[in-house]
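Comments concern the structure below.
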Amino acid sequence: MSGVSQKIVSSDENGMRLDRWFALHFGHVPNVRIQKLVRTGQIRVDKGRVKTNTRLEAGQVVRVPPIDDTPKKSEPRYSEKDAQFLRDLILYEDENVYVFNKPHGLAVQGGSGTKRHIDGMLKSLPNKKGEAPRLVHRLDRDTSGCLLVAKTRQAASHLGKVFRSRSARKIYWALSVGIPNPPQGNVSCFLGRVKTQNGEQMAVVGKDVKGAQHSLSYYSVTDNAGRDFAWVTLKPVTGRTHQLRVHLNQLGTPILDDPRYFELDNHHWERPDDFGHGLHLHARRLALPLLGGKKLDISAPLPKHMQQSFDLLGFDASRFDVNNIDPEE
C-alpha cells in the first residue's frame with residue numbers, strides 16, 4: 001500500500017474483533033505490529049481511537065495506515081502435516097464449523113515464545129474461498145477438550161453473537177485437591193490481573209479495582225475419593241481468563257497440577273506419583289445453536305493423563321450421562 005486507505009466493514013464481519021479483522025485482511029502482518037499501530041492511534045475506526053479487542057460493526061470505516069501487503073514468499077501457506085494433525089482432532093464437522101478435541105499442552109494462539117499453535121495451523125484447512133478457519137473462543141494451553149472453530153466469516157459472526165449472549169452451554173471436568181464445600185454452588189467474584197513473583201496472573205480483586213471484571217461459575221461435585229480428591233463438574237457463565245482455575249482455588253480446592261494457582265494451606269500435602277501429569281481441567285461438553293438453527297451438542301473424551309488419574313481414584317466417567325449433568329440445575 002502506498003498510503004493510508006479506508007476500508008468498510010462488511011455485513012459478515014459484524015461483531016468481529018479488530019485484531020481478528022486485521023488477521024483476515026492482512027494475515028502476514030505480525031500481531032505485535034498491529035498492536036503498536038492501534039496503540040499509537042494509526043489504526044482508527046470511524047476516525048476514533050480503538051483497542052485491539054474493539055468489536056466492529058457493519059458499515060464502520062477502518063483507517064488502515066501504510067502496510068506492506070506483500071506476503072513473504074518464504075512463508076508456507078499450506079502444510080499437509082498440520083492439516084492431517086488437525087483432521088485427527090476432529091470431533092464434529094459440517095459445512096460451517098469444526099469441533100476439535102484440543103490436546104493438553106497445545107496453545108490455541110501464539111504469544112511470546114509460542115511458535116506452534118492451533119490458530120497458526122488453521123491456514124492449512126482453507127475453505128472453498130481459500131480463507132483460513134476462525135477461532136470463536138479460546139482454551140488455555142494446558143486445558144484439553146472441545147474447541148469450536150468457524151469455517152466461514154458468516155459462521156464466525158453468528159457464533160460470536162452466541163458466545164457473547166451466553167447462550168452457549170460449556171461443561172468442564174476437573175480433578176480438585178480437596179472437596180469443595182458446599183458440594184454444589186457457585187463462585188461469583190471480580191477478577192483482575194495482579195503482579196506476582198512469577199509474573200502477571202489473575203486474582204480475586206475488589207470490584208472498584210481498575211480492570212476488574214465480574215466472573216460467575218457454577219460447580220458440582222460429581223464424585224469424590226475420600227477427603228483428598230473430587231471430580232468436579234463446572235459450568236462457566238462468564239469467560240474470563242483462567243476463570244475456573246481461580247474459582248476452584250478460591251474455594252480452597254485447587255485443580256491438580258495447576259502451575260499457576262495451586263495453593264494449599266497444608267504444606268505437607270504430597271502428590272501421588274502414579275497420577276497422570278498435567279493440568280486436570282477438561283472442556284468436556286459444548287452445546288449451542290449453529291447457523292441455520294441446527295443444535296450442536298458434542299462431548300470430548302478425557303485426555304490420557306486425566307483418564308489415568310480417574311482410573312487410579314476409581315472414577316468411572318462412563319457411569320454418568322454427560323447430557324444430564326449441569327451444576328446450575
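As shown in the C-alpha cells, the chain order sets the letters A, B, ...; within each chain, residues go from 1, and ligands are also counted from 1 in the order they appear.
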
Please provide the set of residues having any atom within 10 Å of Val99 of chain A, restricted to only C-alpha atoms, with same-chain residues fewer than 2 positions apart removed, written as a VMD selection string. chain A and resid 89 to 94 97 101 to 102 145 to 150 286 296 298 to 300

So which residues touch segment 47-62 of chain A within 10 Å, counting only C-alpha atoms, skipping near sequence neighbours fewer than 4 positions away, as an mmCIF file with C-alpha atoms, in the first residue's frame?
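Done, and the output landed in out_36.cif:
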data_model
loop_
_atom_site.group_PDB
_atom_site.id
_atom_site.type_symbol
_atom_site.label_atom_id
_atom_site.label_comp_id
_atom_site.auth_asym_id
_atom_site.auth_seq_id
_atom_site.Cartn_x
_atom_site.Cartn_y
_atom_site.Cartn_z
ATOM 1 C CA SER A 5 -6.632 3.653 2.974
ATOM 2 C CA GLN A 6 -10.170 3.389 4.293
ATOM 3 C CA LYS A 7 -11.887 0.011 4.410
ATOM 4 C CA ILE A 8 -15.581 -0.530 5.139
ATOM 5 C CA VAL A 9 -16.588 -3.360 7.498
ATOM 6 C CA SER A 10 -18.825 -5.789 5.601
ATOM 7 C CA SER A 11 -22.038 -7.320 6.952
ATOM 8 C CA ASP A 12 -20.456 -10.740 7.544
ATOM 9 C CA GLU A 13 -17.684 -9.062 9.562
ATOM 10 C CA ASN A 14 -20.164 -7.551 12.013
ATOM 11 C CA GLY A 15 -19.104 -8.299 15.607
ATOM 12 C CA MET A 16 -15.553 -9.290 14.644
ATOM 13 C CA ARG A 17 -12.712 -8.113 16.887
ATOM 14 C CA LEU A 18 -10.424 -5.532 15.323
ATOM 15 C CA ASP A 19 -7.331 -7.747 15.658
ATOM 16 C CA ARG A 20 -9.165 -10.642 14.013
ATOM 17 C CA TRP A 21 -10.298 -8.317 11.214
ATOM 18 C CA PHE A 22 -6.689 -7.353 10.521
ATOM 19 C CA ASN A 31 0.115 -9.142 15.577
ATOM 20 C CA ILE A 34 -0.933 -4.313 14.625
ATOM 21 C CA GLN A 35 -0.985 -3.728 18.391
ATOM 22 C CA LYS A 36 1.586 -0.931 18.041
ATOM 23 C CA LEU A 37 -0.355 0.726 15.216
ATOM 24 C CA VAL A 38 -3.523 0.631 17.335
ATOM 25 C CA ARG A 39 -1.732 1.870 20.433
ATOM 26 C CA THR A 40 -0.240 4.848 18.566
ATOM 27 C CA GLY A 41 -3.581 5.750 17.007
ATOM 28 C CA GLN A 42 -2.547 4.997 13.423
ATOM 29 C CA ILE A 43 -5.374 2.477 13.145
#

Of the candidates A:Pro182, A:Val187, A:Tyr219, A:Gln84, which shows the shortest atom-to-atom distance to Val232 of chain A, using only C-alpha atoms?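 Smallest separation from Val232 of chain A among the options: A:Tyr219.
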
If you run DSSP on the backbone, which residues of segment 59-302 of chain A are strand (DSSP E), as a PDB file with N, CA and C atoms, in the first residue's frame?
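Output saved as selection-v3.pdb:
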ATOM      1  N   VAL A  61     -15.937   2.417   9.213  1.00  0.00           N
ATOM      2  CA  VAL A  61     -14.784   2.642   8.341  1.00  0.00           C
ATOM      3  C   VAL A  61     -13.498   2.483   9.157  1.00  0.00           C
ATOM      4  N   VAL A  62     -12.641   1.587   8.702  1.00  0.00           N
ATOM      5  CA  VAL A  62     -11.375   1.332   9.379  1.00  0.00           C
ATOM      6  C   VAL A  62     -10.257   2.071   8.645  1.00  0.00           C
ATOM      7  N   ARG A  63      -9.542   2.901   9.380  1.00  0.00           N
ATOM      8  CA  ARG A  63      -8.379   3.592   8.803  1.00  0.00           C
ATOM      9  C   ARG A  63      -7.192   2.647   8.844  1.00  0.00           C
ATOM     10  N   VAL A  64      -6.636   2.360   7.672  1.00  0.00           N
ATOM     11  CA  VAL A  64      -5.500   1.457   7.567  1.00  0.00           C
ATOM     12  C   VAL A  64      -4.278   2.259   7.145  1.00  0.00           C
ATOM     13  N   ILE A  90     -10.586 -33.897  14.950  1.00  0.00           N
ATOM     14  CA  ILE A  90     -11.977 -33.517  14.710  1.00  0.00           C
ATOM     15  C   ILE A  90     -12.958 -34.412  15.469  1.00  0.00           C
ATOM     16  N   LEU A  91     -13.825 -33.767  16.251  1.00  0.00           N
ATOM     17  CA  LEU A  91     -14.931 -34.446  16.924  1.00  0.00           C
ATOM     18  C   LEU A  91     -16.228 -34.285  16.129  1.00  0.00           C
ATOM     19  N   TYR A  92     -16.334 -33.161  15.438  1.00  0.00           N
ATOM     20  CA  TYR A  92     -17.543 -32.855  14.662  1.00  0.00           C
ATOM     21  C   TYR A  92     -17.160 -31.899  13.538  1.00  0.00           C
ATOM     22  N   GLU A  93     -17.828 -32.067  12.385  1.00  0.00           N
ATOM     23  CA  GLU A  93     -17.590 -31.171  11.262  1.00  0.00           C
ATOM     24  C   GLU A  93     -18.850 -31.070  10.409  1.00  0.00           C
ATOM     25  N   VAL A  97     -18.613 -25.390  10.554  1.00  0.00           N
ATOM     26  CA  VAL A  97     -17.763 -25.430  11.751  1.00  0.00           C
ATOM     27  C   VAL A  97     -16.949 -26.717  11.849  1.00  0.00           C
ATOM     28  N   TYR A  98     -15.895 -26.613  12.658  1.00  0.00           N
ATOM     29  CA  TYR A  98     -15.176 -27.771  13.182  1.00  0.00           C
ATOM     30  C   TYR A  98     -15.304 -27.742  14.703  1.00  0.00           C
ATOM     31  N   VAL A  99     -15.324 -28.915  15.333  1.00  0.00           N
ATOM     32  CA  VAL A  99     -15.073 -29.011  16.764  1.00  0.00           C
ATOM     33  C   VAL A  99     -13.881 -29.937  16.920  1.00  0.00           C
ATOM     34  N   PHE A 100     -12.795 -29.396  17.478  1.00  0.00           N
ATOM     35  CA  PHE A 100     -11.579 -30.173  17.693  1.00  0.00           C
ATOM     36  C   PHE A 100     -11.476 -30.606  19.152  1.00  0.00           C
ATOM     37  N   ASN A 101     -10.859 -31.753  19.373  1.00  0.00           N
ATOM     38  CA  ASN A 101     -10.522 -32.188  20.723  1.00  0.00           C
ATOM     39  C   ASN A 101      -9.095 -31.712  20.988  1.00  0.00           C
ATOM     40  N   LYS A 102      -8.973 -30.489  21.499  1.00  0.00           N
ATOM     41  CA  LYS A 102      -7.653 -29.889  21.687  1.00  0.00           C
ATOM     42  C   LYS A 102      -6.829 -30.660  22.714  1.00  0.00           C
ATOM     43  N   ARG A 134     -11.679 -19.773  11.489  1.00  0.00           N
ATOM     44  CA  ARG A 134     -11.512 -18.741  12.511  1.00  0.00           C
ATOM     45  C   ARG A 134     -11.869 -19.252  13.902  1.00  0.00           C
ATOM     46  N   LEU A 135     -11.039 -18.904  14.863  1.00  0.00           N
ATOM     47  CA  LEU A 135     -11.339 -19.212  16.256  1.00  0.00           C
ATOM     48  C   LEU A 135     -12.527 -18.379  16.705  1.00  0.00           C
ATOM     49  N   SER A 144      -7.569 -29.183  28.010  1.00  0.00           N
ATOM     50  CA  SER A 144      -7.903 -30.007  26.852  1.00  0.00           C
ATOM     51  C   SER A 144      -9.401 -29.910  26.562  1.00  0.00           C
ATOM     52  N   GLY A 145      -9.813 -30.490  25.407  1.00  0.00           N
ATOM     53  CA  GLY A 145     -11.239 -30.644  25.152  1.00  0.00           C
ATOM     54  C   GLY A 145     -11.794 -29.871  23.983  1.00  0.00           C
ATOM     55  N   CYS A 146     -13.113 -29.649  24.014  1.00  0.00           N
ATOM     56  CA  CYS A 146     -13.878 -29.113  22.880  1.00  0.00           C
ATOM     57  C   CYS A 146     -13.472 -27.688  22.522  1.00  0.00           C
ATOM     58  N   LEU A 147     -13.011 -27.515  21.279  1.00  0.00           N
ATOM     59  CA  LEU A 147     -12.652 -26.201  20.763  1.00  0.00           C
ATOM     60  C   LEU A 147     -13.410 -25.987  19.458  1.00  0.00           C
ATOM     61  N   LEU A 148     -14.250 -24.956  19.431  1.00  0.00           N
ATOM     62  CA  LEU A 148     -15.089 -24.661  18.270  1.00  0.00           C
ATOM     63  C   LEU A 148     -14.397 -23.675  17.336  1.00  0.00           C
ATOM     64  N   VAL A 149     -14.415 -23.988  16.048  1.00  0.00           N
ATOM     65  CA  VAL A 149     -13.781 -23.154  15.033  1.00  0.00           C
ATOM     66  C   VAL A 149     -14.752 -22.971  13.868  1.00  0.00           C
ATOM     67  N   ALA A 150     -14.884 -21.730  13.381  1.00  0.00           N
ATOM     68  CA  ALA A 150     -15.781 -21.433  12.263  1.00  0.00           C
ATOM     69  C   ALA A 150     -15.043 -21.540  10.936  1.00  0.00           C
ATOM     70  N   ARG A 169     -23.649 -23.465  25.999  1.00  0.00           N
ATOM     71  CA  ARG A 169     -23.540 -24.248  27.231  1.00  0.00           C
ATOM     72  C   ARG A 169     -22.193 -24.971  27.239  1.00  0.00           C
ATOM     73  N   LYS A 170     -21.326 -24.586  28.170  1.00  0.00           N
ATOM     74  CA  LYS A 170     -19.989 -25.168  28.260  1.00  0.00           C
ATOM     75  C   LYS A 170     -19.859 -25.911  29.586  1.00  0.00           C
ATOM     76  N   ILE A 171     -19.486 -27.174  29.504  1.00  0.00           N
ATOM     77  CA  ILE A 171     -19.314 -28.002  30.696  1.00  0.00           C
ATOM     78  C   ILE A 171     -17.871 -28.483  30.759  1.00  0.00           C
ATOM     79  N   TYR A 172     -17.234 -28.269  31.906  1.00  0.00           N
ATOM     80  CA  TYR A 172     -15.850 -28.696  32.121  1.00  0.00           C
ATOM     81  C   TYR A 172     -15.788 -29.749  33.224  1.00  0.00           C
ATOM     82  N   TRP A 173     -14.802 -30.612  33.146  1.00  0.00           N
ATOM     83  CA  TRP A 173     -14.499 -31.545  34.226  1.00  0.00           C
ATOM     84  C   TRP A 173     -13.131 -31.199  34.792  1.00  0.00           C
ATOM     85  N   ALA A 174     -13.012 -31.275  36.120  1.00  0.00           N
ATOM     86  CA  ALA A 174     -11.737 -31.002  36.781  1.00  0.00           C
ATOM     87  C   ALA A 174     -11.522 -32.006  37.903  1.00  0.00           C
ATOM     88  N   LEU A 175     -10.265 -32.228  38.243  1.00  0.00           N
ATOM     89  CA  LEU A 175      -9.905 -33.029  39.411  1.00  0.00           C
ATOM     90  C   LEU A 175      -9.318 -32.070  40.437  1.00  0.00           C
ATOM     91  N   SER A 176     -10.037 -31.871  41.528  1.00  0.00           N
ATOM     92  CA  SER A 176      -9.583 -30.923  42.544  1.00  0.00           C
ATOM     93  C   SER A 176      -8.916 -31.645  43.703  1.00  0.00           C
ATOM     94  N   VAL A 177      -8.023 -30.944  44.355  1.00  0.00           N
ATOM     95  CA  VAL A 177      -7.383 -31.458  45.570  1.00  0.00           C
ATOM     96  C   VAL A 177      -8.193 -30.937  46.742  1.00  0.00           C
ATOM     97  N   GLN A 184     -22.131 -28.329  46.045  1.00  0.00           N
ATOM     98  CA  GLN A 184     -22.721 -27.739  44.850  1.00  0.00           C
ATOM     99  C   GLN A 184     -23.009 -26.274  45.129  1.00  0.00           C
ATOM    100  N   GLY A 185     -22.686 -25.417  44.162  1.00  0.00           N
ATOM    101  CA  GLY A 185     -22.919 -23.988  44.374  1.00  0.00           C
ATOM    102  C   GLY A 185     -22.349 -23.175  43.236  1.00  0.00           C
ATOM    103  N   ASN A 186     -21.991 -21.928  43.533  1.00  0.00           N
ATOM    104  CA  ASN A 186     -21.401 -21.072  42.508  1.00  0.00           C
ATOM    105  C   ASN A 186     -20.345 -20.180  43.128  1.00  0.00           C
ATOM    106  N   VAL A 187     -19.480 -19.675  42.286  1.00  0.00           N
ATOM    107  CA  VAL A 187     -18.472 -18.696  42.692  1.00  0.00           C
ATOM    108  C   VAL A 187     -18.712 -17.435  41.871  1.00  0.00           C
ATOM    109  N   SER A 188     -18.964 -16.341  42.554  1.00  0.00           N
ATOM    110  CA  SER A 188     -19.219 -15.059  41.909  1.00  0.00           C
ATOM    111  C   SER A 188     -18.275 -14.026  42.509  1.00  0.00           C
ATOM    112  N   CYS A 189     -17.383 -13.479  41.703  1.00  0.00           N
ATOM    113  CA  CYS A 189     -16.405 -12.522  42.210  1.00  0.00           C
ATOM    114  C   CYS A 189     -15.826 -11.716  41.056  1.00  0.00           C
ATOM    115  N   PHE A 190     -15.038 -10.718  41.390  1.00  0.00           N
ATOM    116  CA  PHE A 190     -14.368  -9.915  40.375  1.00  0.00           C
ATOM    117  C   PHE A 190     -12.925 -10.398  40.224  1.00  0.00           C
ATOM    118  N   LEU A 191     -12.485 -10.483  38.976  1.00  0.00           N
ATOM    119  CA  LEU A 191     -11.130 -10.928  38.687  1.00  0.00           C
ATOM    120  C   LEU A 191     -10.349  -9.813  38.013  1.00  0.00           C
ATOM    121  N   GLY A 192      -9.070  -9.769  38.294  1.00  0.00           N
ATOM    122  CA  GLY A 192      -8.194  -8.784  37.668  1.00  0.00           C
ATOM    123  C   GLY A 192      -6.777  -9.298  37.631  1.00  0.00           C
ATOM    124  N   ARG A 193      -5.935  -8.681  36.827  1.00  0.00           N
ATOM    125  CA  ARG A 193      -4.536  -9.079  36.724  1.00  0.00           C
ATOM    126  C   ARG A 193      -3.727  -8.437  37.847  1.00  0.00           C
ATOM    127  N   VAL A 194      -2.887  -9.247  38.489  1.00  0.00           N
ATOM    128  CA  VAL A 194      -2.008  -8.743  39.540  1.00  0.00           C
ATOM    129  C   VAL A 194      -0.584  -9.214  39.257  1.00  0.00           C
ATOM    130  N   LYS A 195       0.382  -8.455  39.752  1.00  0.00           N
ATOM    131  CA  LYS A 195       1.778  -8.831  39.572  1.00  0.00           C
ATOM    132  C   LYS A 195       2.230  -9.732  40.717  1.00  0.00           C
ATOM    133  N   THR A 196       2.913 -10.804  40.359  1.00  0.00           N
ATOM    134  CA  THR A 196       3.450 -11.733  41.346  1.00  0.00           C
ATOM    135  C   THR A 196       4.924 -11.975  41.038  1.00  0.00           C
ATOM    136  N   GLY A 199       5.386 -13.284  37.585  1.00  0.00           N
ATOM    137  CA  GLY A 199       4.782 -12.515  36.510  1.00  0.00           C
ATOM    138  C   GLY A 199       3.327 -12.217  36.798  1.00  0.00           C
ATOM    139  N   GLU A 200       2.607 -11.705  35.804  1.00  0.00           N
ATOM    140  CA  GLU A 200       1.196 -11.375  35.986  1.00  0.00           C
ATOM    141  C   GLU A 200       0.332 -12.624  35.982  1.00  0.00           C
ATOM    142  N   GLN A 201      -0.696 -12.626  36.818  1.00  0.00           N
ATOM    143  CA  GLN A 201      -1.698 -13.674  36.770  1.00  0.00           C
ATOM    144  C   GLN A 201      -3.015 -13.129  37.310  1.00  0.00           C
ATOM    145  N   MET A 202      -4.081 -13.903  37.115  1.00  0.00           N
ATOM    146  CA  MET A 202      -5.403 -13.475  37.541  1.00  0.00           C
ATOM    147  C   MET A 202      -5.600 -13.728  39.035  1.00  0.00           C
ATOM    148  N   ALA A 203      -6.389 -12.852  39.660  1.00  0.00           N
ATOM    149  CA  ALA A 203      -6.666 -12.993  41.087  1.00  0.00           C
ATOM    150  C   ALA A 203      -8.011 -12.363  41.398  1.00  0.00           C
ATOM    151  N   VAL A 204      -8.580 -12.751  42.531  1.00  0.00           N
ATOM    152  CA  VAL A 204      -9.817 -12.145  43.006  1.00  0.00           C
ATOM    153  C   VAL A 204      -9.491 -10.749  43.526  1.00  0.00           C
ATOM    154  N   VAL A 205     -10.210  -9.745  43.013  1.00  0.00           N
ATOM    155  CA  VAL A 205      -9.952  -8.354  43.399  1.00  0.00           C
ATOM    156  C   VAL A 205     -11.270  -7.662  43.717  1.00  0.00           C
ATOM    157  N   GLN A 213     -13.167  -7.435  36.343  1.00  0.00           N
ATOM    158  CA  GLN A 213     -14.299  -7.950  35.582  1.00  0.00           C
ATOM    159  C   GLN A 213     -15.046  -8.981  36.419  1.00  0.00           C
ATOM    160  N   HIS A 214     -16.381  -8.905  36.387  1.00  0.00           N
ATOM    161  CA  HIS A 214     -17.171  -9.867  37.146  1.00  0.00           C
ATOM    162  C   HIS A 214     -17.077 -11.246  36.505  1.00  0.00           C
ATOM    163  N   SER A 215     -17.043 -12.278  37.347  1.00  0.00           N
ATOM    164  CA  SER A 215     -16.980 -13.659  36.864  1.00  0.00           C
ATOM    165  C   SER A 215     -17.967 -14.510  37.651  1.00  0.00           C
ATOM    166  N   LEU A 216     -18.526 -15.506  36.968  1.00  0.00           N
ATOM    167  CA  LEU A 216     -19.509 -16.387  37.604  1.00  0.00           C
ATOM    168  C   LEU A 216     -19.366 -17.793  37.046  1.00  0.00           C
ATOM    169  N   SER A 217     -19.237 -18.763  37.947  1.00  0.00           N
ATOM    170  CA  SER A 217     -19.184 -20.175  37.563  1.00  0.00           C
ATOM    171  C   SER A 217     -20.056 -20.991  38.511  1.00  0.00           C
ATOM    172  N   TYR A 218     -20.746 -22.001  37.965  1.00  0.00           N
ATOM    173  CA  TYR A 218     -21.453 -22.984  38.771  1.00  0.00           C
ATOM    174  C   TYR A 218     -20.607 -24.243  38.841  1.00  0.00           C
ATOM    175  N   TYR A 219     -20.697 -24.961  39.963  1.00  0.00           N
ATOM    176  CA  TYR A 219     -19.917 -26.188  40.123  1.00  0.00           C
ATOM    177  C   TYR A 219     -20.726 -27.234  40.879  1.00  0.00           C
ATOM    178  N   SER A 220     -20.348 -28.498  40.705  1.00  0.00           N
ATOM    179  CA  SER A 220     -20.995 -29.588  41.424  1.00  0.00           C
ATOM    180  C   SER A 220     -20.003 -30.737  41.560  1.00  0.00           C
ATOM    181  N   VAL A 221     -19.922 -31.324  42.748  1.00  0.00           N
ATOM    182  CA  VAL A 221     -19.062 -32.496  42.962  1.00  0.00           C
ATOM    183  C   VAL A 221     -19.771 -33.718  42.397  1.00  0.00           C
ATOM    184  N   THR A 222     -19.179 -34.312  41.379  1.00  0.00           N
ATOM    185  CA  THR A 222     -19.767 -35.493  40.744  1.00  0.00           C
ATOM    186  C   THR A 222     -19.411 -36.757  41.496  1.00  0.00           C
ATOM    187  N   ASP A 223     -18.186 -36.822  42.012  1.00  0.00           N
ATOM    188  CA  ASP A 223     -17.729 -37.971  42.793  1.00  0.00           C
ATOM    189  C   ASP A 223     -16.532 -37.524  43.604  1.00  0.00           C
ATOM    190  N   ASN A 224     -16.189 -38.294  44.623  1.00  0.00           N
ATOM    191  CA  ASN A 224     -15.018 -37.945  45.426  1.00  0.00           C
ATOM    192  C   ASN A 224     -14.298 -39.203  45.889  1.00  0.00           C
ATOM    193  N   ALA A 225     -13.027 -39.030  46.185  1.00  0.00           N
ATOM    194  CA  ALA A 225     -12.198 -40.120  46.708  1.00  0.00           C
ATOM    195  C   ALA A 225     -11.770 -39.717  48.112  1.00  0.00           C
ATOM    196  N   PHE A 229      -9.608 -35.964  47.064  1.00  0.00           N
ATOM    197  CA  PHE A 229      -9.803 -35.552  45.679  1.00  0.00           C
ATOM    198  C   PHE A 229     -11.279 -35.562  45.316  1.00  0.00           C
ATOM    199  N   ALA A 230     -11.624 -34.681  44.375  1.00  0.00           N
ATOM    200  CA  ALA A 230     -13.002 -34.628  43.886  1.00  0.00           C
ATOM    201  C   ALA A 230     -13.014 -34.464  42.374  1.00  0.00           C
ATOM    202  N   TRP A 231     -13.948 -35.155  41.776  1.00  0.00           N
ATOM    203  CA  TRP A 231     -14.260 -34.955  40.349  1.00  0.00           C
ATOM    204  C   TRP A 231     -15.335 -33.877  40.330  1.00  0.00           C
ATOM    205  N   VAL A 232     -14.994 -32.717  39.793  1.00  0.00           N
ATOM    206  CA  VAL A 232     -15.886 -31.558  39.825  1.00  0.00           C
ATOM    207  C   VAL A 232     -16.355 -31.223  38.410  1.00  0.00           C
ATOM    208  N   THR A 233     -17.668 -31.058  38.276  1.00  0.00           N
ATOM    209  CA  THR A 233     -18.251 -30.601  37.019  1.00  0.00           C
ATOM    210  C   THR A 233     -18.502 -29.100  37.139  1.00  0.00           C
ATOM    211  N   LEU A 234     -18.069 -28.346  36.129  1.00  0.00           N
ATOM    212  CA  LEU A 234     -18.118 -26.892  36.192  1.00  0.00           C
ATOM    213  C   LEU A 234     -18.835 -26.314  34.982  1.00  0.00           C
ATOM    214  N   LYS A 235     -19.551 -25.227  35.212  1.00  0.00           N
ATOM    215  CA  LYS A 235     -20.225 -24.513  34.128  1.00  0.00           C
ATOM    216  C   LYS A 235     -19.916 -23.024  34.260  1.00  0.00           C
ATOM    217  N   PRO A 236     -18.987 -22.504  33.427  1.00  0.00           N
ATOM    218  CA  PRO A 236     -18.712 -21.069  33.475  1.00  0.00           C
ATOM    219  C   PRO A 236     -19.813 -20.283  32.774  1.00  0.00           C
ATOM    220  N   LEU A 281      -7.884 -30.258  33.910  1.00  0.00           N
ATOM    221  CA  LEU A 281      -9.058 -29.468  33.544  1.00  0.00           C
ATOM    222  C   LEU A 281      -9.380 -29.757  32.080  1.00  0.00           C
ATOM    223  N   HIS A 282     -10.624 -30.132  31.822  1.00  0.00           N
ATOM    224  CA  HIS A 282     -11.012 -30.631  30.505  1.00  0.00           C
ATOM    225  C   HIS A 282     -12.343 -30.016  30.071  1.00  0.00           C
ATOM    226  N   ALA A 283     -12.368 -29.415  28.872  1.00  0.00           N
ATOM    227  CA  ALA A 283     -13.611 -28.880  28.297  1.00  0.00           C
ATOM    228  C   ALA A 283     -14.407 -30.065  27.759  1.00  0.00           C
ATOM    229  N   ARG A 284     -15.247 -30.636  28.604  1.00  0.00           N
ATOM    230  CA  ARG A 284     -15.896 -31.900  28.323  1.00  0.00           C
ATOM    231  C   ARG A 284     -17.006 -31.800  27.263  1.00  0.00           C
ATOM    232  N   ARG A 285     -17.839 -30.762  27.381  1.00  0.00           N
ATOM    233  CA  ARG A 285     -19.036 -30.720  26.542  1.00  0.00           C
ATOM    234  C   ARG A 285     -19.312 -29.305  26.063  1.00  0.00           C
ATOM    235  N   LEU A 286     -19.830 -29.211  24.838  1.00  0.00           N
ATOM    236  CA  LEU A 286     -20.202 -27.929  24.261  1.00  0.00           C
ATOM    237  C   LEU A 286     -21.546 -28.086  23.558  1.00  0.00           C
ATOM    238  N   ALA A 287     -22.517 -27.230  23.916  1.00  0.00           N
ATOM    239  CA  ALA A 287     -23.847 -27.275  23.301  1.00  0.00           C
ATOM    240  C   ALA A 287     -24.284 -25.858  22.959  1.00  0.00           C
ATOM    241  N   LEU A 288     -24.699 -25.661  21.695  1.00  0.00           N
ATOM    242  CA  LEU A 288     -25.119 -24.322  21.269  1.00  0.00           C
ATOM    243  C   LEU A 288     -25.846 -24.406  19.929  1.00  0.00           C
ATOM    244  N   PRO A 289     -26.560 -23.333  19.567  1.00  0.00           N
ATOM    245  CA  PRO A 289     -27.244 -23.294  18.261  1.00  0.00           C
ATOM    246  C   PRO A 289     -26.275 -22.894  17.154  1.00  0.00           C
ATOM    247  N   LYS A 295     -28.794 -27.670  16.163  1.00  0.00           N
ATOM    248  CA  LYS A 295     -28.237 -27.673  17.513  1.00  0.00           C
ATOM    249  C   LYS A 295     -26.995 -28.555  17.561  1.00  0.00           C
ATOM    250  N   LEU A 296     -25.934 -28.022  18.120  1.00  0.00           N
ATOM    251  CA  LEU A 296     -24.710 -28.791  18.336  1.00  0.00           C
ATOM    252  C   LEU A 296     -24.641 -29.213  19.793  1.00  0.00           C
ATOM    253  N   ASP A 297     -24.344 -30.483  20.044  1.00  0.00           N
ATOM    254  CA  ASP A 297     -24.139 -30.983  21.405  1.00  0.00           C
ATOM    255  C   ASP A 297     -23.085 -32.072  21.319  1.00  0.00           C
ATOM    256  N   ILE A 298     -21.856 -31.739  21.695  1.00  0.00           N
ATOM    257  CA  ILE A 298     -20.725 -32.635  21.485  1.00  0.00           C
ATOM    258  C   ILE A 298     -19.907 -32.774  22.765  1.00  0.00           C
ATOM    259  N   SER A 299     -19.350 -33.957  22.978  1.00  0.00           N
ATOM    260  CA  SER A 299     -18.518 -34.216  24.146  1.00  0.00           C
ATOM    261  C   SER A 299     -17.159 -34.745  23.717  1.00  0.00           C
TER     262      SER A 299
END

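The residue that comes closest to Ile255 of chain A, out of A:Arg240, A:His280, A:Arg227, A:Lys129 and on the basis of only C-alpha atoms, is A:His280.
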
I'd like the contact shell of Asp258 of chain A - 8 Å cut-off, only C-alpha atoms, skipping same-chain residues fewer than 6 positions apart - returned as a PyMOL selection string. chain A and resi 245+278-280

For C-alpha atoms, I'd like the residues from the last selection saved as a compact mmCIF listing (two decimals), in the first residue's frame.
# COMPACT_ATOMS: atom_id res chain seq x y z
CA ARG A 245 -8.77 -22.28 37.82
CA GLY A 278 -0.66 -32.11 33.56
CA LEU A 279 -3.42 -29.67 34.46
CA HIS A 280 -6.53 -31.72 35.27

For each of A:Pro303, A:Thr143, A:Gly130, A:Ser309, take the minimum atom-to-atom distance to Pro259 of chain A, counting only C-alpha atoms, then give the residue where this is smallest. A:Thr143
